[in-house]
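> Encoded as structure tokens, here's the structure I'll be asking about.
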Amino acid sequence: MSSPNLTAEQIAFQERARAWLEANPAPETDLELPLSPLELATREQVEYYRDWQRRCYEAGLVGADISESYGGHGHSGCQSIANREMSRAGAPFLLNTVGLSMMIPAVLAHGTEEQKRRFVPKALSGEEIWCQGFSEPGAGSDMANQQTMAVRRDDEWVVNGHKVWTSFAQFAKHMILIARTSREHKYDGLSFFLCPVEGHPGVTIKPLVKMTGELGFNEVFFEDCVIDDSLRLDDVGKGWTVAMTVLTHERGAAEGAGGGISSVHPIERLIALARSSMRNGRRASDDPVTRDAIVQQAIAHEGLRQNARRARVPALNDHPMRLRMQQGVLATELEQSCARLGVDIAGARSTLYKHDAAAPENGYWPLAYMNSYGFTISGGSNEIQRNILGERILGMPKSK
Ligand SMILES: Cc1cc2nc3c(=O)[nH]c(=O)nc-3n(C[C@H](O)[C@H](O)[C@H](O)COP(=O)(O)OP(=O)(O)OC[C@H]3O[C@@H](n4cnc5c(N)ncnc54)[C@H](O)[C@@H]3O)c2cc1C
């Protein structure tokens with residue numbers, strides 16, 4: 001069934017997308033695949049997901065909204081439909097998260113014609129992977145405290161500094177980079193660059209191991225790294241403005257160029273786990289406390305689903321970001337409580353981890369539990385999101 005309020009063109013697009021996804025499931029593989037793009041660890045995994053993104057792109061499911069001049073498909077208002085259909089079909093995530101959801105919106109909003117034609121098509125197809133160089137050891141929540149310096153030298157910039165928590169850097173060709181170009185002004189002293197990283201002189205990438213034992217994060221060091229001025233996005237000193245465009249998209253306040261994270265529906269997964277686990281001498285699925293906890297999760301998931309539907313109806317949105325930001329905060333916290341419940345239901349078996357033959361679902365629940373904490377931090381912590389919701393959207397007094 002089609003969603004309400006769609007135009008005839010959008011309904012036709014939805015039907016085509018659904019039919020394509022049914023006829024073209026993701027290829028089966030013996031590879032051990034990660035729970036989300038943030039834990040990609042091997043070249044083989046990257047190539048598997050690159051191939052999937054390319055197929056989706058060629059089928060029109062990636063870059064649906066974007067002009068054909070920049071490699072898109074030119075179907076206005078269709079990307080959110082493609083995203084929903086991919087999620088509904090349980091399709092794998094799209095590899096180039098940063099490219100699709102952060103770089104492309106920033107380049108389309110702030111870039112030159114040449115930058116749009118150069119970078120957008122290859123990010124859509126997955127040929128060129130992007131990473132995000134915002135966080136530094138002393139600049140996370142206080143993002144404007146950037147210490148990485150870019151110093152002008154004729155038509156070039158010389159970059160020195162240290163980024164951290166950089167997901168995908170080990171597989172990325174380019175980085176969206178925010179750097180300080182003046183120490184005189186905190187915000188107006190920042191500029192934004194489309195920085196080459198793969199094999200680029202002066203760039204060193206060092207992987208970091210997570211508590212799950214997985215890779216994903218990196219530290220990136222810049223030592224006299226030279227960038228051409230044609231790779232600066234927007235004016236010198238406008239880096240903060242560009243970064244806000246990126247964060248608006250990263251924080252779920254707008255549709256990106258495609259994709260999202262999809263997986264087996266968590267409630268179905270919890271029910272299957274309860275059926276195969278024991279509690280107080282009987283199946284956990286027959287235990288009233290466990291049943292009630294799963295129903296509470298199901299109610300919260302349905303609430304979020306309805307919230308997402310409301311967010312798509314302009315008349316119900318007094319502020320363009322309110323519902324979408326709420327959604328980001330609540331969805332990531334629900335992810336945590338869902339994984340915590342899974343660990344609880346599996347009981348002592350939750351201590352069995354990946355590659356232990358006796359571990360339920362090959363250690364999925366302890367892995368999901370540990371990884372779920374990153375989701376409430378990665379796009380700016382939920383404490384910061386709550387500050388923004390309170391101060392900028394609800395108009396409450398600023399915290400000291
Ligand atoms: C899985 C994952 C992937 C990531 N990927 C990337 C990436 O690809 N690129 C990138 O640039 N960064 C990335 N990050 C980094 C992420 O953006 C930062 O971790 C985040 O912005 C928080 O910064 P911080 O870690 O420096 O914590 P801090 O800013 O030091 O904060 C520490 C704690 O203090 C709280 N706090 C700080 N200030 C306030 C305040 N004003 N009010 C209330 N509470 C406050 C925070 O909420 C947090 O709980 C990633 C992080 C994670 C977890």
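Residue names in the structure tokens use chain letters A, B, ... in the order shown, residue numbers from 1 in each chain, and ligand numbers from 1 in the order shown.
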Counting only C-alpha atoms and all ligand atoms, name the residues that have an atom within 8 Å of an atom of ligand 1; the answer should be given as number ranges by chain.
A: 38, 98, 131-143, 163-169, 217, 371, 373-384, 387, 399
> Just write the chosen residues, C-alpha atoms, as a PDB file, in the first residue's frame.

```pdb
ATOM      1  CA  LEU A  38      30.621   2.480  12.227  1.00  0.00           C
ATOM      2  CA  VAL A  98      29.412  10.550   5.474  1.00  0.00           C
ATOM      3  CA  CYS A 131      35.078  10.543   6.401  1.00  0.00           C
ATOM      4  CA  GLN A 132      34.343  13.410   8.782  1.00  0.00           C
ATOM      5  CA  GLY A 133      37.206  15.278  10.479  1.00  0.00           C
ATOM      6  CA  PHE A 134      35.433  17.375  13.101  1.00  0.00           C
ATOM      7  CA  SER A 135      36.341  15.907  16.520  1.00  0.00           C
ATOM      8  CA  GLU A 136      39.684  16.586  18.133  1.00  0.00           C
ATOM      9  CA  PRO A 137      41.063  15.615  21.543  1.00  0.00           C
ATOM     10  CA  GLY A 138      39.923  19.005  22.908  1.00  0.00           C
ATOM     11  CA  ALA A 139      37.027  19.688  20.518  1.00  0.00           C
ATOM     12  CA  GLY A 140      34.057  17.318  20.763  1.00  0.00           C
ATOM     13  CA  SER A 141      30.942  18.890  22.241  1.00  0.00           C
ATOM     14  CA  ASP A 142      32.760  22.228  22.107  1.00  0.00           C
ATOM     15  CA  MET A 143      33.291  21.846  18.382  1.00  0.00           C
ATOM     16  CA  LYS A 163      41.610  14.593  14.565  1.00  0.00           C
ATOM     17  CA  VAL A 164      40.132  11.729  16.582  1.00  0.00           C
ATOM     18  CA  TRP A 165      37.155   9.306  16.490  1.00  0.00           C
ATOM     19  CA  THR A 166      37.255   9.546  12.698  1.00  0.00           C
ATOM     20  CA  SER A 167      35.020   6.724  11.461  1.00  0.00           C
ATOM     21  CA  PHE A 168      35.859   5.212   8.014  1.00  0.00           C
ATOM     22  CA  ALA A 169      39.137   7.172   7.679  1.00  0.00           C
ATOM     23  CA  PHE A 217      37.503   4.690  14.642  1.00  0.00           C
ATOM     24  CA  ASN A 371      27.782  -0.542  20.392  1.00  0.00           C
ATOM     25  CA  TYR A 373      26.350   3.532  23.609  1.00  0.00           C
ATOM     26  CA  GLY A 374      28.171   5.047  20.643  1.00  0.00           C
ATOM     27  CA  PHE A 375      24.872   5.963  18.976  1.00  0.00           C
ATOM     28  CA  THR A 376      23.971   8.411  21.764  1.00  0.00           C
ATOM     29  CA  ILE A 377      27.340  10.156  21.318  1.00  0.00           C
ATOM     30  CA  SER A 378      28.383   9.965  17.676  1.00  0.00           C
ATOM     31  CA  GLY A 379      26.476  12.821  16.014  1.00  0.00           C
ATOM     32  CA  GLY A 380      26.917  15.096  19.053  1.00  0.00           C
ATOM     33  CA  SER A 381      25.960  13.626  22.432  1.00  0.00           C
ATOM     34  CA  ASN A 382      22.319  13.399  23.517  1.00  0.00           C
ATOM     35  CA  GLU A 383      23.043  15.853  26.347  1.00  0.00           C
ATOM     36  CA  ILE A 384      24.042  18.410  23.712  1.00  0.00           C
ATOM     37  CA  ASN A 387      20.482  21.510  25.181  1.00  0.00           C
ATOM     38  CA  SER A 399      22.499  26.897  30.434  1.00  0.00           C
TER      39      SER A 399
END
```
> Quick one: pull the distance between CA of Arg324 in chain A and CA of Gly72 in chain A, Å, one decimal.
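Those two atoms sit 24.7 Å apart.
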> Determine which residues of range 64-276 of chain A DSSP labels as helix (DSSP H, G or I) from the backbone of this structure, then write them out as number ranges by chain.
A: 68-70, 79-88, 97-110, 113-125, 143-145, 169-171, 229-231, 239-250, 266-275
> Which residues are near Asn5 in chain A? Cut-off 12 Å, only C-alpha atoms, ignore same chain within fewer than 5 positions. Put them as JSON, numbers by chain.
{"A": [10, 11, 77, 81, 309, 312, 313, 314]}
> Rank A:Phe13, A:Trp130, A:Trp52, A:Phe171 by their smallest atom-to-atom distance to Asp65 in chain A, using only C-alpha atoms, and report the top residue only.
A:Phe13
> Using CA of Lys238 in chain A and CA of Ile205 in chain A as the two end points, give the distance in Å to one decimal.
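So the two atoms, CA of Lys238 in chain A and CA of Ile205 in chain A, lie 26.7 Å apart.
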> As a list in words, please: the residues near range 181-193 of chain A (cut-off 7 Å, only C-alpha atoms, same-chain neighbours under 4 positions excluded).
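These residues fall inside the cut-off: Ala144, Met149, Ala150, Val151, Ile176, Leu177, Leu231, Arg232, Leu233, Val236, Gly237, Lys238, Gly239, Trp240 and Val242 of chain A.
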> Selected residues, C-alpha atoms, written as a JSON list (two decimals), in the first residue's frame, please.

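Dumped everything to part.json:
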```json
[["chain", "number", "residue", "atom", "x", "y", "z"],
["A", 144, "ALA", "CA", 34.32, 25.44, 17.81],
["A", 149, "MET", "CA", 45.44, 24.94, 11.80],
["A", 150, "ALA", "CA", 45.26, 25.63, 8.06],
["A", 151, "VAL", "CA", 47.72, 28.36, 7.06],
["A", 176, "ILE", "CA", 35.20, 16.86, 5.23],
["A", 177, "LEU", "CA", 37.59, 18.86, 7.34],
["A", 231, "LEU", "CA", 39.14, 22.39, -2.19],
["A", 232, "ARG", "CA", 37.94, 25.07, 0.27],
["A", 233, "LEU", "CA", 34.16, 24.95, 0.68],
["A", 236, "VAL", "CA", 37.42, 31.68, 4.40],
["A", 237, "GLY", "CA", 35.93, 32.09, 7.89],
["A", 238, "LYS", "CA", 32.61, 30.43, 6.94],
["A", 239, "GLY", "CA", 33.59, 26.98, 8.26],
["A", 240, "TRP", "CA", 31.20, 27.16, 11.19],
["A", 242, "VAL", "CA", 29.14, 24.93, 6.65]]
```
> Any idea what's packed within 12 Å of Pro288 in chain A, counting only C-alpha atoms, ignoring anything in its chain fewer than 6 positions away? Could you give it as a VMD selection string?
chain A and resid 274 279 to 280 282 294 to 295
> In Å, rounded to a single decimal, give me how far CA of Ile393 in chain A is from CA of Gln306 in chain A.
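Pair CA of Gln306 in chain A / CA of Ile393 in chain A returns 20.7 Å.
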> Of the candidates A:Asn362, A:Leu21, A:Asp224, A:Met325, which one gets nearest to Leu389 in chain A if we count only C-alpha atoms?
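Of A:Asn362, A:Leu21, A:Asp224, A:Met325, the one nearest Leu389 in chain A is A:Met325, counting only C-alpha atoms.
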> List the neighbours of Tyr48 in chain A out to 9 Å using only C-alpha atoms; skip same-chain residues closer than 6 positions along the sequence, and give me the result as a list of chain:residue names.
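Counting only C-alpha atoms, the residues come to A:Pro27, A:Thr29, A:Leu31.
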> Would you mind exporting C-alpha atoms of the selected residues as a PDB file, in the first residue's frame?

```
ATOM      1  CA  PRO A  27      23.820 -10.994  -2.353  1.00  0.00           C
ATOM      2  CA  THR A  29      27.909 -13.761   1.677  1.00  0.00           C
ATOM      3  CA  LEU A  31      31.607 -12.558   5.366  1.00  0.00           C
TER       4      LEU A  31
END
```
> DSSP on the backbone: which residues in range 90-303 of chain A end up as strand (DSSP E or B)? Give the answer as a ChimeraX atom specification.
/A:130-133,136,139,149-153,156-163,174-180,190-196,203-207,218-228,232-233,278-279,282-283
> Report as number ranges by chain all protein, DNA and RNA residues lying within 12 Å of Asn307 in chain A, evaluated on only C-alpha atoms, omitting residues in the same chain fewer than 4 positions from it.
A: 300-303, 311-313, 316-317, 322-328, 330-331
> Identify which of the residues A:Ser69, A:Gln170, A:Thr332, A:Thr7 lies closest to Lys116 in chain A, counting only C-alpha atoms when measuring atom-to-atom distances.
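Nearest to Lys116 in chain A: A:Ser69.
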> Using only C-alpha atoms for the distances, tell me which of A:Val158, A:Ala293, A:Met102, A:Leu124 is nearest to Met175 in chain A.
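Between A:Val158, A:Ala293, A:Met102, A:Leu124, the residue approaching Met175 in chain A most closely is A:Met102.
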